[in-house]
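J.: Take this structure, written in structure tokens, and hold onto it; I'll ask about it next.
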Amino acid sequence: MSESRAFCPRCGDPVPDRSASGADDERATDPLRPGTEVELCDSCYFDDFDFVDAPDRIDVRVCARCGAVYRGNRWVDVGAKDYTDVAIEEVSEALGVHVDVEDVAWQVEPEQVGENTIRMHAYFTGIVRGTPVEEQVMVPVKIARQTCTRCGRIAGDYYASIVQIRAADRTPTGEEIDRAKEIANAVVADMEATGDRNAFVTETNETPDGLNIKVSTNKIGKKIANKMIEEFGGSVNDAETLVTEDEDGNEVYRVTFAVRLPPYVPGDVIDLEDDEGGPVLVRSARGNLKGIRLTTGERYEAGYEEGNAPDARKLGEREGAVETTVVTVEDENAVQVLDPETYRAKTVARPDYFDPDAETVPVLKSRAGVHILPDPDPDSGSDADADDRYDPYESDA
């Protein structure tokens, strides 16, 4: 009986039957049977076998300022400090191993041969057609120190938007200035975390009437402005200025976001015009101004038309209060305290938050008279009627 066997189409030697093993080896077209494929023998197969596909050289562009690496057509943040790690990563991406090799293992040994040149010696082992194979390749990596687009813009003081923090009829407080800086940095950090390399703060500059923040994009400027309004109240207006045209002829605008904070801040004591209810300790200026009456302890909220800037004059601040002695409680509406300047007994209004057992109370003396302020510690004071007493320091719902 004749035996049917396959033969190598190149040298004619018989080829073992590998179909049972399911091996997916290199095949060649059978010249006697067009359209079919047969396997090469081991000798012919290994003549053309390339274990590792490696480039002759790899050029890597690294930003000398931030360590970003240029890949494809953009800069990628990797925070490179040791260029050897960058070289290893780039070589790992560039090397290819033949698809038929099984149980591949490899290691790499870098060799620094110059300030900007690293030779990467890579060693590979594996199994092909049941035969152990190994190979060594050397790939030189050239490091080119450059400046990425982002760092170039920062160095050139580039900015696309300005956020101006101002306040109505006053100068922004230190808290507001500091918070604006924190918001700007937080917005940039959030956008960087999403891969936006164009996000950065170019400059913060304090002025006699507020703060100017220069940022890299209009989106950042808008977010900073809106977050300031969310926290402190007020309003924001924006204005565009044509500055140039890009390489495609499109107009490029720079946007200024003018943030106007409310005239009063939490802790201010104000006297409302055409209002007989007495001074108000401001609690919030977000939306409509809210506070507490110093004469009664009742809640106060400005009307819709007044918003966060009702007609009023400022009498002082919570920080300006001083402790004074309680002389006697006259009745449910009045109490005697020592005048903090003359030290004479003076009858003043008794607000709901007053603790009748207190020996001293914080008071503010102004052109409107002497008024008892709520204790800054919401846990202090009498426990009586605590659930009914208005807490001026509770957060807005």
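Chain labels follow the order of the structure tokens: the first chain is A, the next B, and so on; residue numbering restarts at 1 in every chain, and ligands are counted from 1 in their shown order.
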Show which residues sit within 6 Å of stretch 156-169 of chain A, as an NGL selection string. Count only C-alpha atoms, and ignore same-chain residues fewer than 2 positions away.
T.: :A and (153-154 or 171-172 or 210-218 or 221 or 254-263)
J.: Could you write out that same residue set with N, CA, C and O atoms as a short mmCIF file (atom, residue, chain, number, x, y, z; two decimals), in the first residue's frame?
T.:
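Produced file again-v6.cif, reproduced below:
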```
data_model
loop_
_atom_site.label_atom_id
_atom_site.label_comp_id
_atom_site.auth_asym_id
_atom_site.auth_seq_id
_atom_site.Cartn_x
_atom_site.Cartn_y
_atom_site.Cartn_z
N ARG A 153 4.39 77.17 26.00
CA ARG A 153 3.38 78.20 26.23
C ARG A 153 3.54 78.83 27.61
O ARG A 153 3.39 80.04 27.78
N ILE A 154 3.81 77.97 28.61
CA ILE A 154 4.00 78.50 29.96
C ILE A 154 5.19 79.45 30.00
O ILE A 154 5.12 80.54 30.58
N THR A 171 -13.20 95.65 48.84
CA THR A 171 -12.12 94.84 48.29
C THR A 171 -12.34 93.38 48.69
O THR A 171 -12.71 93.13 49.84
N PRO A 172 -12.13 92.44 47.79
CA PRO A 172 -12.30 91.03 48.17
C PRO A 172 -11.47 90.67 49.40
O PRO A 172 -10.35 91.18 49.58
N GLY A 210 -8.39 93.65 43.89
CA GLY A 210 -8.80 92.26 43.78
C GLY A 210 -7.70 91.35 43.28
O GLY A 210 -6.53 91.49 43.64
N LEU A 211 -8.07 90.43 42.39
CA LEU A 211 -7.14 89.41 41.89
C LEU A 211 -7.40 89.17 40.42
O LEU A 211 -8.55 89.11 39.97
N ASN A 212 -6.32 89.03 39.65
CA ASN A 212 -6.39 88.64 38.25
C ASN A 212 -5.74 87.27 38.08
O ASN A 212 -4.62 87.05 38.55
N ILE A 213 -6.45 86.36 37.43
CA ILE A 213 -5.92 85.02 37.18
C ILE A 213 -5.89 84.79 35.67
O ILE A 213 -6.93 84.83 35.01
N LYS A 214 -4.70 84.56 35.13
CA LYS A 214 -4.56 84.25 33.72
C LYS A 214 -4.46 82.73 33.56
O LYS A 214 -3.63 82.09 34.22
N VAL A 215 -5.31 82.17 32.71
CA VAL A 215 -5.34 80.73 32.51
C VAL A 215 -5.27 80.39 31.03
O VAL A 215 -5.48 81.25 30.17
N SER A 216 -5.00 79.11 30.76
CA SER A 216 -4.66 78.71 29.40
C SER A 216 -5.86 78.54 28.48
O SER A 216 -5.70 78.60 27.26
N THR A 217 -7.04 78.30 29.02
CA THR A 217 -8.21 78.09 28.16
C THR A 217 -9.42 78.86 28.70
O THR A 217 -9.50 79.14 29.90
N ASN A 218 -10.34 79.15 27.82
CA ASN A 218 -11.58 79.83 28.23
C ASN A 218 -12.43 78.93 29.12
O ASN A 218 -13.16 79.41 29.99
N GLY A 221 -11.28 79.36 32.67
CA GLY A 221 -11.72 80.65 33.19
C GLY A 221 -13.18 80.64 33.58
O GLY A 221 -13.55 81.16 34.64
N ARG A 254 -9.66 86.20 23.11
CA ARG A 254 -9.31 86.09 24.52
C ARG A 254 -10.51 86.58 25.32
O ARG A 254 -11.07 87.64 25.04
N VAL A 255 -10.93 85.78 26.31
CA VAL A 255 -12.14 86.07 27.06
C VAL A 255 -11.78 86.53 28.47
O VAL A 255 -10.96 85.90 29.15
N THR A 256 -12.39 87.62 28.89
CA THR A 256 -12.25 88.12 30.26
C THR A 256 -13.53 87.85 31.03
O THR A 256 -14.62 88.24 30.60
N PHE A 257 -13.39 87.13 32.15
CA PHE A 257 -14.52 86.85 33.02
C PHE A 257 -14.43 87.77 34.24
O PHE A 257 -13.49 87.65 35.04
N ALA A 258 -15.36 88.71 34.34
CA ALA A 258 -15.37 89.67 35.44
C ALA A 258 -16.32 89.18 36.53
O ALA A 258 -17.53 89.20 36.36
N VAL A 259 -15.74 88.73 37.64
CA VAL A 259 -16.52 88.24 38.76
C VAL A 259 -16.74 89.39 39.74
O VAL A 259 -15.78 90.04 40.18
N ARG A 260 -17.98 89.67 40.04
CA ARG A 260 -18.34 90.73 40.99
C ARG A 260 -18.97 90.08 42.21
O ARG A 260 -20.09 89.60 42.17
N LEU A 261 -18.22 90.04 43.32
CA LEU A 261 -18.71 89.43 44.54
C LEU A 261 -19.66 90.39 45.26
O LEU A 261 -19.60 91.61 45.05
N PRO A 262 -20.54 89.87 46.12
CA PRO A 262 -21.52 90.73 46.80
C PRO A 262 -20.85 91.76 47.71
O PRO A 262 -19.70 91.58 48.13
N PRO A 263 -21.55 92.84 48.04
CA PRO A 263 -20.97 93.88 48.89
C PRO A 263 -20.79 93.42 50.34
O PRO A 263 -19.98 94.01 51.07
#
```
J.: When you look at A:Phe124 with a cut-off of 9 Å (counting only C-alpha atoms), what residues show up, excluding the ones that are within fewer than 4 positions of it in the same chain? I need them as an NGL selection string.
T.: :A and (51-52 or 97 or 104-108 or 133-137)
J.: Could you list, as JSON, numbers by chain, every residue within 9 Å of A:Tyr83, counting only C-alpha atoms and ignoring same-chain residues fewer than 6 positions away?
T.: {"A": [62, 67, 116, 118, 143]}
J.: Filtering to all heavy atoms, could you give me those residues as a JSON list (two decimals), in the first residue's frame?
T.:
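The new file result_22.json reads:
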```json
[["chain", "number", "residue", "atom", "x", "y", "z"],
["A", 62, "VAL", "N", 11.98, 63.99, 24.41],
["A", 62, "VAL", "CA", 11.59, 64.16, 25.82],
["A", 62, "VAL", "C", 11.64, 65.64, 26.17],
["A", 62, "VAL", "O", 12.61, 66.33, 25.84],
["A", 62, "VAL", "CB", 12.51, 63.36, 26.76],
["A", 62, "VAL", "CG1", 12.10, 63.56, 28.21],
["A", 62, "VAL", "CG2", 12.50, 61.89, 26.40],
["A", 67, "GLY", "N", 9.27, 66.39, 31.51],
["A", 67, "GLY", "CA", 9.46, 64.96, 31.34],
["A", 67, "GLY", "C", 8.46, 64.29, 30.43],
["A", 67, "GLY", "O", 8.42, 63.05, 30.36],
["A", 116, "ASN", "N", 23.12, 61.37, 25.76],
["A", 116, "ASN", "CA", 21.83, 61.25, 25.09],
["A", 116, "ASN", "C", 21.66, 59.94, 24.34],
["A", 116, "ASN", "O", 20.75, 59.81, 23.51],
["A", 116, "ASN", "CB", 21.63, 62.42, 24.11],
["A", 116, "ASN", "CG", 21.65, 63.76, 24.81],
["A", 116, "ASN", "OD1", 21.04, 63.92, 25.85],
["A", 116, "ASN", "ND2", 22.37, 64.71, 24.24],
["A", 118, "ILE", "N", 21.55, 55.60, 24.66],
["A", 118, "ILE", "CA", 21.48, 54.41, 25.51],
["A", 118, "ILE", "C", 21.36, 53.20, 24.59],
["A", 118, "ILE", "O", 20.47, 53.15, 23.73],
["A", 118, "ILE", "CB", 20.27, 54.46, 26.46],
["A", 118, "ILE", "CG1", 20.31, 55.71, 27.33],
["A", 118, "ILE", "CG2", 20.21, 53.20, 27.33],
["A", 118, "ILE", "CD1", 19.08, 55.90, 28.20],
["A", 143, "ILE", "N", 18.13, 60.05, 22.76],
["A", 143, "ILE", "CA", 17.24, 60.96, 23.51],
["A", 143, "ILE", "C", 17.46, 62.39, 23.01],
["A", 143, "ILE", "O", 18.57, 62.91, 23.02],
["A", 143, "ILE", "CB", 17.53, 60.90, 25.02],
["A", 143, "ILE", "CG1", 17.43, 59.47, 25.54],
["A", 143, "ILE", "CG2", 16.59, 61.83, 25.77],
["A", 143, "ILE", "CD1", 16.04, 58.88, 25.46]]
```
J.: As a list of chain:residue names, please: every residue in stretch 111-219 of chain A that DSSP puts in alpha helix (DSSP H).
T.: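 Assigned to alpha helix (DSSP H), within stretch 111-219 of chain A: A:Thr149, A:Arg150, A:Cys151, A:Gly152, A:Arg153, A:Ile154, A:Ala155, A:Gly174, A:Glu175, A:Glu176, A:Ile177, A:Asp178, A:Arg179, A:Ala180, A:Lys181, A:Glu182, A:Ile183, A:Ala184, A:Asn185, A:Ala186, A:Val187, A:Val188, A:Ala189, A:Asp190, A:Met191, A:Glu192, A:Ala193, A:Asn218, A:Lys219.
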J.: Excluding A:Val243 and residues on its chain fewer than 3 positions from it, collect all residues at most 8 Å away from it, counting only C-alpha atoms, and give them as JSON, numbers by chain.
T.: {"A": [251, 252, 253, 254]}
J.: Go ahead and save the picked residues with all heavy atoms, as an mmCIF file, in the first residue's frame.
T.:
```cif
data_model
loop_
_atom_site.group_PDB
_atom_site.id
_atom_site.type_symbol
_atom_site.label_atom_id
_atom_site.label_comp_id
_atom_site.auth_asym_id
_atom_site.auth_seq_id
_atom_site.Cartn_x
_atom_site.Cartn_y
_atom_site.Cartn_z
ATOM 1 N N GLU A 251 -10.341 83.181 13.595
ATOM 2 C CA GLU A 251 -10.134 84.232 14.590
ATOM 3 C C GLU A 251 -9.980 83.629 15.981
ATOM 4 O O GLU A 251 -10.704 82.709 16.361
ATOM 5 C CB GLU A 251 -11.302 85.214 14.569
ATOM 6 C CG GLU A 251 -11.425 85.992 13.265
ATOM 7 C CD GLU A 251 -12.605 86.933 13.260
ATOM 8 O OE1 GLU A 251 -13.545 86.696 14.044
ATOM 9 O OE2 GLU A 251 -12.592 87.912 12.492
ATOM 10 N N VAL A 252 -9.022 84.132 16.732
ATOM 11 C CA VAL A 252 -8.759 83.661 18.090
ATOM 12 C C VAL A 252 -9.110 84.778 19.068
ATOM 13 O O VAL A 252 -8.600 85.897 18.949
ATOM 14 C CB VAL A 252 -7.286 83.243 18.268
ATOM 15 C CG1 VAL A 252 -7.021 82.813 19.706
ATOM 16 C CG2 VAL A 252 -6.935 82.116 17.297
ATOM 17 N N TYR A 253 -9.983 84.469 20.009
ATOM 18 C CA TYR A 253 -10.448 85.462 20.969
ATOM 19 C C TYR A 253 -9.915 85.157 22.373
ATOM 20 O O TYR A 253 -9.747 84.002 22.742
ATOM 21 C CB TYR A 253 -11.985 85.502 21.017
ATOM 22 C CG TYR A 253 -12.619 86.078 19.776
ATOM 23 C CD1 TYR A 253 -12.898 85.268 18.682
ATOM 24 C CD2 TYR A 253 -12.931 87.435 19.705
ATOM 25 C CE1 TYR A 253 -13.483 85.798 17.542
ATOM 26 C CE2 TYR A 253 -13.516 87.968 18.570
ATOM 27 C CZ TYR A 253 -13.793 87.149 17.489
ATOM 28 O OH TYR A 253 -14.367 87.681 16.357
ATOM 29 N N ARG A 254 -9.657 86.201 23.106
ATOM 30 C CA ARG A 254 -9.310 86.089 24.520
ATOM 31 C C ARG A 254 -10.513 86.578 25.320
ATOM 32 O O ARG A 254 -11.073 87.643 25.038
ATOM 33 C CB ARG A 254 -8.074 86.925 24.838
ATOM 34 C CG ARG A 254 -7.621 86.848 26.279
ATOM 35 C CD ARG A 254 -6.278 87.536 26.425
ATOM 36 N NE ARG A 254 -5.238 86.790 25.714
ATOM 37 C CZ ARG A 254 -4.110 87.321 25.259
ATOM 38 N NH1 ARG A 254 -3.893 88.628 25.398
ATOM 39 N NH2 ARG A 254 -3.218 86.578 24.644
#
```
J.: Using only C-alpha atoms, which of the listed residues (A:Ala54, A:Ala321, A:Ala122, A:Ala349) sits closest to A:Asp268?
T.: A:Ala321
J.: From the options A:Val187, A:Ala345, A:Ile292, A:Leu338, which residue's atoms come nearest to A:Pro362, counting only C-alpha atoms?
T.: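 Of A:Val187, A:Ala345, A:Ile292, A:Leu338, the one nearest A:Pro362, counting only C-alpha atoms, is A:Leu338.
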J.: Residues near A:Glu176, anyone? I mean within 9 Å using only C-alpha atoms, not counting same-chain ones fewer than 3 positions away, as a list in words.
T.: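 Surrounding residues, per the criterion: Ile165, Pro172, Thr173, Arg179, Ala180, Lys181, Met228 and Phe232 of chain A.
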J.: Could you please determine the separation between atom CA of A:Cys63 and atom CA of A:Gly152 in Å, to one decimal place?
T.: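 Computed distance, atom CA of A:Cys63 to atom CA of A:Gly152, equals 9.8 Å.
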J.: Would you list the contacts of A:Arg313 as a list in words, taking every protein, DNA or RNA residue within 10 Å and counting only C-alpha atoms, but skipping same-chain residues closer than 3 positions in sequence?
T.: Tyr264, Val269, Ile270, Asp271, Leu272, Glu273, Pro279, Pro310 and Gly316 of chain A
J.: Just checking: using only C-alpha atoms, which residue out of A:Asn250, A:Thr147, A:Ser92, A:Asn288 ends up closest to A:Met120?
T.: A:Ser92
J.: Give the answer as one residue: which of A:Asp77, A:Glu301, A:Asp274, A:Asp339 has the shortest atom-to-atom distance to A:Thr194, using only C-alpha atoms?
T.: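 That would be A:Asp77, the residue with the smallest distance to A:Thr194.
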J.: Just to confirm, what's the straight-line distance from atom CA of A:Ala285 to atom CA of A:Val348 in Å (one decimal)?
T.: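 Pair atom CA of A:Ala285 / atom CA of A:Val348 returns 27.3 Å.
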J.: Assign secondary structure with DSSP using the backbone only, and return the residues of stretch 128-243 of chain A in strand (DSSP E) as a PyMOL selection string.
T.: chain A and resi 128+131-146+161-167+201-207+210-215+235-243
